[in-house]
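One file, start15.cif, is given below (mmCIF, C-alpha atoms and all ligand atoms).
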data_my_file
#
loop_
_atom_site.label_atom_id
_atom_site.label_comp_id
_atom_site.auth_asym_id
_atom_site.auth_seq_id
_atom_site.Cartn_x
_atom_site.Cartn_y
_atom_site.Cartn_z
CA MET I 1 -37.29 32.15 23.05
CA ILE I 2 -39.71 30.59 20.57
CA HIS I 3 -40.95 33.03 17.92
CA ALA I 4 -44.19 32.71 15.97
CA LYS I 5 -43.90 33.48 12.28
CA PRO I 6 -44.27 37.26 11.80
CA HIS I 7 -47.56 37.00 9.88
CA ILE I 8 -49.05 35.09 12.84
CA ALA I 9 -47.48 37.24 15.57
CA THR I 10 -48.95 40.40 14.02
CA MET I 11 -52.46 38.91 13.78
CA ASP I 12 -55.16 39.66 16.35
CA ALA I 13 -56.84 36.68 17.99
CA TYR I 14 -60.23 35.91 16.37
CA ALA I 15 -62.75 38.22 18.07
CA LEU I 16 -65.18 35.93 19.89
CA ALA I 17 -68.30 37.26 21.57
CA ASP I 18 -67.77 38.85 25.00
CA MET I 19 -69.95 36.64 27.21
CA THR I 20 -70.00 38.70 30.43
CA VAL I 21 -73.42 39.74 31.77
CA GLY I 22 -74.82 41.38 34.89
CA PRO I 23 -74.50 39.40 38.16
CA GLY I 24 -77.28 36.94 38.91
CA LYS I 25 -78.90 37.26 35.47
CA PRO I 26 -79.54 34.17 33.35
CA LEU I 27 -77.48 34.42 30.18
CA VAL I 28 -79.49 35.08 27.01
CA SER I 29 -76.95 34.76 24.19
CA LEU I 30 -78.00 36.44 20.96
CA ALA I 31 -74.37 36.89 19.95
CA GLN I 32 -73.35 33.98 17.71
CA ASN I 33 -76.09 33.47 15.12
CA GLU I 34 -76.93 30.11 16.64
CA SER I 35 -80.36 28.67 15.87
CA ALA I 36 -83.16 29.31 18.34
CA PHE I 37 -84.46 25.81 17.61
CA ALA I 38 -83.12 22.32 18.31
CA PRO I 39 -82.17 20.21 15.30
CA SER I 40 -84.65 17.76 13.77
CA PRO I 41 -85.53 14.82 16.06
CA LYS I 42 -84.51 12.61 13.11
CA ALA I 43 -81.01 14.03 13.38
CA ILE I 44 -80.83 13.29 17.09
CA GLU I 45 -82.32 9.76 16.74
CA GLY I 46 -79.30 8.38 14.93
CA ALA I 47 -76.77 9.97 17.24
CA ARG I 48 -76.96 7.47 20.12
CA ALA I 49 -76.47 4.41 17.94
CA SER I 50 -73.54 6.08 16.20
CA LEU I 51 -71.68 6.33 19.54
CA GLN I 52 -70.99 2.57 19.27
CA ASP I 53 -68.59 3.49 16.48
CA CYS I 54 -66.49 5.86 18.60
CA PRO I 55 -63.47 3.51 18.67
CA LEU I 56 -63.22 3.88 14.90
CA TYR I 57 -62.11 6.82 12.81
CA PRO I 58 -65.03 8.40 10.96
CA ASP I 59 -65.74 7.87 7.25
CA PRO I 60 -63.09 10.08 5.56
CA ASP I 61 -65.22 10.28 2.41
CA TRP I 62 -68.42 11.44 4.17
CA THR I 63 -70.30 8.93 1.98
CA ASP I 64 -73.78 9.05 3.54
CA LEU I 65 -73.55 12.76 4.22
CA ARG I 66 -72.59 13.54 0.63
CA ALA I 67 -75.43 11.32 -0.63
CA ALA I 68 -77.89 13.28 1.53
CA ILE I 69 -76.53 16.62 0.28
CA SER I 70 -76.69 15.40 -3.30
CA ALA I 71 -80.30 14.23 -2.88
CA THR I 72 -81.30 17.50 -1.22
CA HIS I 73 -79.70 19.91 -3.67
CA GLY I 74 -79.47 17.91 -6.89
CA VAL I 75 -75.70 18.34 -7.05
CA ASP I 76 -73.04 15.81 -8.06
CA PRO I 77 -71.75 14.05 -4.89
CA GLU I 78 -68.31 13.73 -6.51
CA LYS I 79 -67.92 17.53 -6.39
CA ILE I 80 -68.72 17.85 -2.68
CA LEU I 81 -66.14 18.32 0.08
CA CYS I 82 -67.24 18.40 3.71
CA GLY I 83 -65.53 20.34 6.49
CA ALA I 84 -65.54 20.70 10.26
CA GLY I 85 -67.80 23.67 9.74
CA SER I 86 -67.51 25.71 6.58
CA MET I 87 -64.74 27.61 8.40
CA GLU I 88 -62.40 24.65 7.82
CA LEU I 89 -63.19 24.81 4.09
CA ILE I 90 -62.72 28.60 3.94
CA ALA I 91 -59.31 28.35 5.63
CA ALA I 92 -58.15 25.46 3.43
CA LEU I 93 -59.36 27.12 0.24
CA ILE I 94 -57.67 30.43 0.99
CA ARG I 95 -54.39 28.75 1.96
CA THR I 96 -54.44 26.64 -1.18
CA TYR I 97 -54.73 29.61 -3.55
CA ALA I 98 -53.25 32.63 -1.75
CA GLY I 99 -49.93 33.05 0.05
CA PRO I 100 -47.33 35.75 0.67
CA GLY I 101 -47.64 38.61 -1.82
CA ASP I 102 -51.11 37.52 -2.99
CA GLU I 103 -54.29 39.46 -2.29
CA VAL I 104 -57.65 38.17 -1.11
CA LEU I 105 -60.49 40.59 -1.76
CA ALA I 106 -63.80 40.79 0.06
CA SER I 107 -66.31 43.54 0.64
CA GLU I 108 -66.19 46.14 3.39
CA TYR I 109 -68.48 44.51 5.96
CA SER I 110 -67.77 40.95 5.03
CA TYR I 111 -67.54 37.90 7.27
CA ALA I 112 -64.55 38.45 9.59
CA PHE I 113 -63.17 34.93 9.15
CA PHE I 114 -62.21 35.68 5.52
CA ARG I 115 -59.67 38.12 6.91
CA THR I 116 -58.45 35.73 9.61
CA ALA I 117 -57.95 32.92 7.11
CA THR I 118 -56.16 35.23 4.69
CA LEU I 119 -53.73 36.59 7.27
CA GLY I 120 -53.19 33.08 8.66
CA GLY I 121 -51.99 32.02 5.23
CA GLY I 122 -49.61 35.00 5.02
CA ALA I 123 -51.57 36.70 2.22
CA ILE I 124 -52.82 40.30 2.02
CA TYR I 125 -56.46 41.14 2.81
CA ARG I 126 -58.23 43.89 0.85
CA ALA I 127 -61.79 45.17 1.23
CA ALA I 128 -63.92 47.02 -1.34
CA PRO I 129 -66.55 49.57 -0.21
CA GLU I 130 -70.18 48.54 0.15
CA CYS I 131 -73.21 50.65 -0.76
CA ASP I 132 -76.03 50.78 1.83
CA LEU I 133 -74.57 47.68 3.55
CA MET I 134 -74.81 45.77 0.26
CA VAL I 135 -71.99 44.00 -1.54
CA ASP I 136 -71.25 46.20 -4.57
CA VAL I 137 -70.09 44.22 -7.59
CA ASP I 138 -68.63 47.25 -9.37
CA ASN I 139 -66.62 48.27 -6.31
CA LEU I 140 -65.28 44.72 -5.98
CA LEU I 141 -64.26 44.68 -9.64
CA ALA I 142 -62.58 48.07 -9.30
CA ALA I 143 -60.49 46.73 -6.39
CA VAL I 144 -59.12 43.73 -8.30
CA THR I 145 -55.38 44.01 -8.95
CA ALA I 146 -52.83 41.82 -10.71
CA ARG I 147 -52.15 40.24 -7.30
CA THR I 148 -55.79 39.33 -6.53
CA ARG I 149 -56.10 35.54 -6.27
CA ILE I 150 -59.46 35.11 -4.51
CA VAL I 151 -62.66 37.16 -4.16
CA CYS I 152 -64.87 36.17 -1.18
CA VAL I 153 -68.57 37.02 -1.03
CA ALA I 154 -70.84 35.93 1.79
CA ASN I 155 -74.40 35.88 0.44
CA PRO I 156 -76.49 36.69 2.40
CA GLY I 157 -73.92 38.80 4.22
CA ASN I 158 -72.88 38.54 7.84
CA PRO I 159 -73.19 40.98 9.64
CA THR I 160 -75.26 43.00 7.15
CA GLY I 161 -78.03 40.47 6.46
CA THR I 162 -78.32 41.78 2.91
CA TRP I 163 -78.64 39.52 -0.14
CA LEU I 164 -77.61 39.67 -3.81
CA PRO I 165 -79.55 37.83 -6.51
CA ARG I 166 -77.74 35.24 -8.62
CA ALA I 167 -77.61 37.62 -11.60
CA GLU I 168 -75.27 39.96 -9.71
CA LEU I 169 -72.96 37.11 -8.69
CA ALA I 170 -72.91 35.85 -12.26
CA ARG I 171 -72.06 39.36 -13.43
CA LEU I 172 -69.19 39.46 -10.92
CA ARG I 173 -67.94 36.07 -12.04
CA ASP I 174 -68.09 36.98 -15.73
CA ALA I 175 -66.12 40.17 -15.19
CA LEU I 176 -63.43 38.69 -12.92
CA PRO I 177 -60.23 37.44 -14.57
CA PRO I 178 -60.42 33.65 -15.11
CA ASP I 179 -57.41 33.08 -12.81
CA VAL I 180 -59.22 34.67 -9.84
CA LEU I 181 -61.14 32.21 -7.69
CA LEU I 182 -64.62 33.29 -6.56
CA LEU I 183 -65.71 31.97 -3.14
CA ILE I 184 -69.46 32.29 -2.54
CA ASP I 185 -70.27 31.56 1.12
CA GLU I 186 -73.98 30.78 1.45
CA ALA I 187 -74.10 30.15 5.21
CA TYR I 188 -77.58 31.75 5.40
CA ALA I 189 -78.96 30.72 2.00
CA GLU I 190 -81.90 28.85 3.54
CA PHE I 191 -83.20 32.18 4.90
CA ALA I 192 -82.98 33.96 1.52
CA PRO I 193 -85.08 33.62 -1.64
CA ALA I 194 -84.22 30.39 -3.50
CA ASP I 195 -81.87 31.42 -6.32
CA PRO I 196 -79.29 28.62 -6.72
CA VAL I 197 -75.79 29.42 -7.94
CA TRP I 198 -74.49 25.83 -8.13
CA ASP I 199 -74.09 26.09 -11.91
CA LEU I 200 -71.37 28.74 -11.50
CA THR I 201 -69.06 25.99 -10.20
CA ALA I 202 -69.14 24.29 -13.62
CA ARG I 203 -66.82 26.98 -14.99
CA GLY I 204 -63.97 25.60 -12.88
CA ASP I 205 -63.17 28.87 -11.10
CA THR I 206 -65.94 29.21 -8.49
CA VAL I 207 -66.73 27.45 -5.20
CA VAL I 208 -70.04 27.58 -3.29
CA LEU I 209 -70.07 26.83 0.46
CA ARG I 210 -72.95 25.90 2.76
CA THR I 211 -73.20 25.00 6.44
CA LEU I 212 -75.45 23.02 8.77
CA SER I 213 -74.65 25.52 11.55
CA LYS I 214 -77.48 27.99 11.00
CA ALA I 215 -80.80 26.85 9.50
CA TYR I 216 -80.29 23.23 10.61
CA GLY I 217 -79.42 24.17 14.21
CA LEU I 218 -76.13 22.22 14.20
CA ALA I 219 -73.45 24.79 15.02
CA GLY I 220 -72.07 22.48 17.70
CA ALA I 221 -71.82 19.47 15.38
CA ARG I 222 -69.36 21.32 13.10
CA VAL I 223 -70.54 20.35 9.62
CA GLY I 224 -70.11 22.46 6.50
CA TRP I 225 -69.77 21.53 2.86
CA GLY I 226 -69.10 22.99 -0.52
CA LEU I 227 -69.52 22.36 -4.22
CA PHE I 228 -66.06 22.43 -5.81
CA PRO I 229 -64.79 22.12 -9.37
CA PRO I 230 -62.86 18.80 -9.42
CA GLY I 231 -59.43 20.41 -9.95
CA ILE I 232 -59.94 22.66 -6.94
CA ALA I 233 -61.41 19.92 -4.70
CA SER I 234 -58.35 17.69 -5.12
CA GLU I 235 -55.97 20.49 -4.10
CA VAL I 236 -58.04 21.80 -1.16
CA ARG I 237 -58.55 18.30 0.21
CA LYS I 238 -54.81 18.02 0.84
CA LEU I 239 -55.20 20.65 3.57
CA LEU I 240 -58.26 19.15 5.28
CA ASN I 241 -57.88 16.99 8.35
CA PRO I 242 -58.55 13.55 6.80
CA ASN I 243 -60.86 12.68 9.73
CA ASN I 244 -62.38 16.12 10.06
CA ILE I 245 -66.02 15.40 10.93
CA SER I 246 -66.79 12.96 13.76
CA GLY I 247 -68.91 9.95 12.90
CA THR I 248 -71.65 11.16 15.19
CA SER I 249 -71.70 14.57 13.52
CA GLN I 250 -71.91 12.93 10.10
CA VAL I 251 -74.92 10.88 11.25
CA ILE I 252 -76.60 13.93 12.81
CA ALA I 253 -76.06 16.07 9.71
CA THR I 254 -77.32 13.33 7.39
CA GLY I 255 -80.49 12.97 9.48
CA ALA I 256 -81.02 16.74 9.51
CA LEU I 257 -80.69 17.00 5.73
CA MET I 258 -83.22 14.23 5.25
CA ASP I 259 -85.78 16.24 7.19
CA GLN I 260 -86.15 19.28 4.94
CA ALA I 261 -89.67 20.00 6.21
CA TYR I 262 -88.31 20.48 9.73
CA MET I 263 -85.55 22.82 8.54
CA GLN I 264 -88.05 24.84 6.50
CA GLU I 265 -90.29 25.17 9.54
CA THR I 266 -87.30 26.40 11.60
CA VAL I 267 -86.60 29.00 8.92
CA ARG I 268 -90.26 30.08 8.84
CA LYS I 269 -90.47 30.44 12.63
CA THR I 270 -87.13 32.27 12.77
CA ALA I 271 -88.22 34.73 10.07
CA ALA I 272 -91.51 35.37 11.91
CA LEU I 273 -89.63 36.13 15.15
CA ARG I 274 -87.22 38.35 13.22
CA GLU I 275 -90.02 40.43 11.67
CA GLN I 276 -91.78 40.71 15.04
CA PHE I 277 -88.52 41.96 16.58
CA ARG I 278 -88.08 44.48 13.76
CA ASP I 279 -91.66 45.71 14.37
CA ASP I 280 -90.99 46.01 18.11
CA LEU I 281 -87.82 48.02 17.48
CA ARG I 282 -89.57 50.21 14.91
CA ALA I 283 -92.20 50.99 17.56
CA ILE I 284 -89.44 52.44 19.77
CA GLY I 285 -88.04 54.47 16.89
CA ARG I 286 -85.21 52.16 15.90
CA ALA I 287 -85.16 51.31 12.19
CA VAL I 288 -83.63 47.92 11.50
CA PRO I 289 -82.68 47.16 7.89
CA PRO I 290 -84.30 44.13 6.24
CA SER I 291 -82.45 40.85 6.84
CA HIS I 292 -82.30 37.59 4.88
CA THR I 293 -80.73 35.69 7.79
CA ASN I 294 -81.31 34.60 11.41
CA PHE I 295 -80.04 37.92 12.78
CA VAL I 296 -80.58 41.65 12.42
CA LEU I 297 -78.16 44.54 12.46
CA ILE I 298 -79.32 47.36 14.74
CA PRO I 299 -77.82 50.77 13.90
CA PHE I 300 -77.46 53.49 16.57
CA PRO I 301 -76.46 57.13 16.03
CA ASP I 302 -72.85 56.48 17.07
CA ALA I 303 -70.51 54.01 18.76
CA ALA I 304 -71.01 55.47 22.26
CA THR I 305 -74.79 55.10 21.99
CA ALA I 306 -74.45 51.52 20.73
CA GLY I 307 -72.12 50.81 23.68
CA SER I 308 -74.65 52.27 26.12
CA ALA I 309 -77.45 50.10 24.70
CA ASP I 310 -75.14 47.05 24.81
CA ALA I 311 -74.37 47.73 28.50
CA ALA I 312 -78.08 48.08 29.34
CA LEU I 313 -78.81 44.74 27.62
CA ARG I 314 -75.88 43.00 29.32
CA ALA I 315 -77.04 44.23 32.73
CA GLU I 316 -80.24 42.24 32.08
CA GLY I 317 -78.30 39.19 30.84
CA VAL I 318 -78.88 39.80 27.12
CA LEU I 319 -75.77 39.47 24.94
CA LEU I 320 -75.70 41.00 21.49
CA ARG I 321 -72.59 41.21 19.32
CA GLY I 322 -70.71 44.50 19.17
CA MET I 323 -69.71 45.29 15.59
CA GLY I 324 -66.51 47.30 16.17
CA GLY I 325 -64.43 44.46 14.74
CA TYR I 326 -66.49 44.64 11.55
CA GLY I 327 -66.00 48.38 11.03
CA LEU I 328 -69.56 49.10 12.22
CA PRO I 329 -68.98 50.31 15.80
CA HIS I 330 -72.34 52.13 15.80
CA CYS I 331 -74.21 48.83 15.31
CA LEU I 332 -75.13 45.81 17.39
CA ARG I 333 -76.01 42.48 15.81
CA ALA I 334 -78.84 40.50 17.38
CA THR I 335 -79.26 36.81 16.60
CA ILE I 336 -82.92 35.77 16.46
CA GLY I 337 -83.43 33.63 19.54
CA ALA I 338 -86.49 32.23 21.29
CA ALA I 339 -89.64 34.40 21.44
CA GLU I 340 -89.14 35.26 25.14
CA SER I 341 -85.50 36.25 24.50
CA MET I 342 -86.52 38.62 21.72
CA ARG I 343 -89.30 40.05 23.90
CA LEU I 344 -86.78 40.68 26.70
CA ALA I 345 -84.28 42.30 24.31
CA ALA I 346 -86.98 44.58 22.84
CA ASP I 347 -88.26 45.51 26.33
CA VAL I 348 -84.78 46.37 27.63
CA LEU I 349 -84.07 48.45 24.51
CA GLY I 350 -87.44 50.20 24.97
CA GLN I 351 -86.62 51.16 28.57
CA TRP I 352 -83.10 52.20 27.58
CA THR I 353 -84.54 54.38 24.77
CA GLU I 354 -86.85 56.19 27.21
CA SER I 355 -84.03 57.00 29.61
CA HIS I 356 -81.27 57.78 27.08
CA LEU I 357 -82.62 59.43 23.96
C1 LIG I 401 -71.77 31.22 10.63
C2 LIG I 401 -71.05 31.45 9.35
C3 LIG I 401 -70.28 30.46 8.76
C4 LIG I 401 -70.38 29.06 9.31
O1 LIG I 401 -69.34 28.60 9.92
P1 LIG I 401 -69.34 27.08 10.35
O2 LIG I 401 -67.87 26.84 10.45
O3 LIG I 401 -69.97 26.27 9.25
O4 LIG I 401 -70.06 26.97 11.63
C5 LIG I 401 -69.68 30.69 7.54
N1 LIG I 401 -69.82 31.88 6.93
C6 LIG I 401 -70.57 32.86 7.45
C7 LIG I 401 -70.75 34.12 6.70
C8 LIG I 401 -71.18 32.68 8.69
O5 LIG I 401 -71.89 33.67 9.23
#
How does this structure look as structure tokens?
Amino acid sequence: MIHAKPHIATMDAYALADMTVGPGKPLVSLAQNESAFAPSPKAIEGARASLQDCPLYPDPDWTDLRAAISATHGVDPEKILCGAGSMELIAALIRTYAGPGDEVLASEYSYAFFRTATLGGGAIYRAAPECDLMVDVDNLLAAVTARTRIVCVANPGNPTGTWLPRAELARLRDALPPDVLLLIDEAYAEFAPADPVWDLTARGDTVVLRTLSKAYGLAGARVGWGLFPPGIASEVRKLLNPNNISGTSQVIATGALMDQAYMQETVRKTAALREQFRDDLRAIGRAVPPSHTNFVLIPFPDAATAGSADAALRAEGVLLRGMGGYGLPHCLRATIGAAESMRLAADVLGQWTESHL
């Protein structure tokens, strides 16, 4: 008998979206925070030519991609590491700095992968309470112990959609012990007010992560990146697959970054669809909290009611994400998809409201 290590055997599998819908219905997935819009045509243009290079391993230094990131954000290319999605960087970072006996702290309704990566590295996961679905800096600070090695904050948050200004993150950083690493995951930053936190990395104890998966419409290309203090980058890099991002994905991501106007237009259109959807839900008596992302969290009175709404949507082919795994079983999370998908979701919820409440 082959035995997995106990810390792996006791872990749950990562909770992916349940993709089953009613028979004969076209699938409308609003479950994975994927972009409703295709990536920039400039990103796609370079892809075909790059296929010629498939016999070769990709550039392990992500040279063109880092140059494009540097030009876009005004950050030092030497401090950038790129990952096969920011998930690869999160996992490597947590494994580098936390192991058995160490604690990784996040907030109550934080991104579920922080927990997965922590448990996968054999460390202990702790969560501090939120206030009104907002990361609470004082609660995080109160939960720090002598064993805390890393504090993870997704800003904006997933699945809450709420956002903290830079001043609050700086206050957190200043109050944390200097030997505690702060991981700021900005997967949805393009949807939030511009309030850069890059400068926090200069202290040597803070990392900021971004991804091309959301605003740039490249979830399938698997490209994330982060700004790392040099001493941290050299350690984390040891755990990255040295050929982590395919050549084609590097070309696509570079092209997408060089078309900022297209990305900004995607963000603008997504936000307009999101606010229309919130208005439509408000009209049927369902208050949806403000979101700084490409999704909204829809609260119901209780878990059974949320489950009933989820079943009604699924019967019509519309998949939302149940939030039981996030400690919010009375909520569903809806990714902002195409206009007709949002119209369908709002219509189904309207009919369900009439017959159930
Ligand atoms: C979607 C998401 C990611 C991105 O993961 P990728 O691996 O880059 O696709 C990271 N953090 C949060 C909070 C997310 O919601």
Open item on the list: Using all atoms listed in the file for the distances, tell me which of I:Asp205, I:Lys5, I:Ala219, I:Trp198 is nearest to Gly121 (chain I).
Closed with: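 Counting all atoms listed in the file, the residue closest to Gly121 (chain I) is I:Lys5.
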- [ ] Around ligand LIG 401 (chain I), at most 9 Å away and counting only C-alpha atoms and all ligand atoms, which residues are there? Put them as a ChimeraX atom specification, please.
- [x] /I:32-34,83-90,110-114,153-159,185-188,209-214,218-225
Under the rule of at most 10 Å, produce a per-residue listing of region 47-166 of chain I near region 173-182 of chain I: chain, number, name, the closest pair of atoms, and the distance in Å, as JSON lines, using all atoms listed in the file.
{"residue": "I:Leu93", "atom": "CA", "partner": "I:Leu181", "partner_atom": "CA", "distance": 9.6}
{"residue": "I:Ile94", "atom": "CA", "partner": "I:Leu181", "partner_atom": "CA", "distance": 9.5}
{"residue": "I:Tyr97", "atom": "CA", "partner": "I:Leu181", "partner_atom": "CA", "distance": 8.1}
{"residue": "I:Ala98", "atom": "CA", "partner": "I:Leu181", "partner_atom": "CA", "distance": 9.9}
{"residue": "I:Val104", "atom": "CA", "partner": "I:Val180", "partner_atom": "CA", "distance": 9.5}
{"residue": "I:Leu105", "atom": "CA", "partner": "I:Leu182", "partner_atom": "CA", "distance": 9.7}
{"residue": "I:Val137", "atom": "CA", "partner": "I:Ala175", "partner_atom": "CA", "distance": 9.5}
{"residue": "I:Asp138", "atom": "CA", "partner": "I:Ala175", "partner_atom": "CA", "distance": 9.5}
{"residue": "I:Leu140", "atom": "CA", "partner": "I:Leu176", "partner_atom": "CA", "distance": 9.4}
{"residue": "I:Leu141", "atom": "CA", "partner": "I:Leu176", "partner_atom": "CA", "distance": 6.9}
{"residue": "I:Val144", "atom": "CA", "partner": "I:Leu176", "partner_atom": "CA", "distance": 8.1}
{"residue": "I:Thr145", "atom": "CA", "partner": "I:Pro177", "partner_atom": "CA", "distance": 9.9}
{"residue": "I:Ala146", "atom": "CA", "partner": "I:Pro177", "partner_atom": "CA", "distance": 9.4}
{"residue": "I:Arg147", "atom": "CA", "partner": "I:Val180", "partner_atom": "CA", "distance": 9.4}
{"residue": "I:Thr148", "atom": "CA", "partner": "I:Val180", "partner_atom": "CA", "distance": 6.7}
{"residue": "I:Arg149", "atom": "CA", "partner": "I:Val180", "partner_atom": "CA", "distance": 4.8}
{"residue": "I:Ile150", "atom": "CA", "partner": "I:Leu181", "partner_atom": "CA", "distance": 4.6}
{"residue": "I:Val151", "atom": "CA", "partner": "I:Leu182", "partner_atom": "CA", "distance": 5.0}
{"residue": "I:Cys152", "atom": "CA", "partner": "I:Leu182", "partner_atom": "CA", "distance": 6.1}
{"residue": "I:Val153", "atom": "CA", "partner": "I:Leu182", "partner_atom": "CA", "distance": 7.8}
TODO: For the point (-75.6, 25.5, -13.1) in the file's frame, write as a list in words all residues with an atom no more than 12 Å away, counting all atoms listed in the file.
DONE: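 Taken together, the residues in range are His73, Gly74, Val75, Asp76, Arg166, Ala170, Asp195, Pro196, Val197, Trp198, Asp199, Leu200, Thr201, Ala202, Arg203, Gly204, Thr206, Val208, Leu227 and Pro229 of chain I.
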- [ ] For CA of Ala47 (chain I) and CA of Ile252 (chain I), quote the distance in Å rounded to one decimal.
- [x] 5.9 Å
- [ ] Kindly indicate which residue among I:Gly307, I:Met342, I:Phe300, I:Val135 lies nearest to Gln276 (chain I), using all atoms listed in the file for the distances.
- [x]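 Checking each candidate against Gln276 (chain I), we get I:Met342 as the closest.
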Task: Residue with smallest distance to Gln250 (chain I) - pool I:Lys25, I:Arg66, I:His7, I:Arg286, counting all atoms listed in the file - done: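 Ranked by minimum distance to Gln250 (chain I), first place goes to I:Arg66.
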- [ ] Would you kindly return, as number ranges by chain, each protein, DNA or RNA residue with an atom no farther than 12 Å from any atom of Tyr262 (chain I), considering only C-alpha atoms and excluding same-chain residues fewer than 3 positions away?
- [x] I: 37-43, 215-217, 255-259, 265-269
Open item on the list: Could you list, as a list in words, every residue within 6 Å of Met323 (chain I), counting only C-alpha atoms and ignoring same-chain residues fewer than 6 positions away?
Closed with: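 The filter keeps Pro329, Cys331 and Leu332 of chain I.
From CA of Asn244 (chain I) back to CA of Pro230 (chain I), the distance works out to 19.7 Å.
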Task: Using all atoms listed in the file: which of I:Ala334, I:Ser291, I:Gln264, I:His356 has the shortest distance to Leu133 (chain I) - done: I:Ser291
Task: Distance in Å - CA of Asp64 (chain I) versus CA of Glu190 (chain I) - done: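 Between CA of Asp64 (chain I) and CA of Glu190 (chain I) the gap is 21.4 Å.
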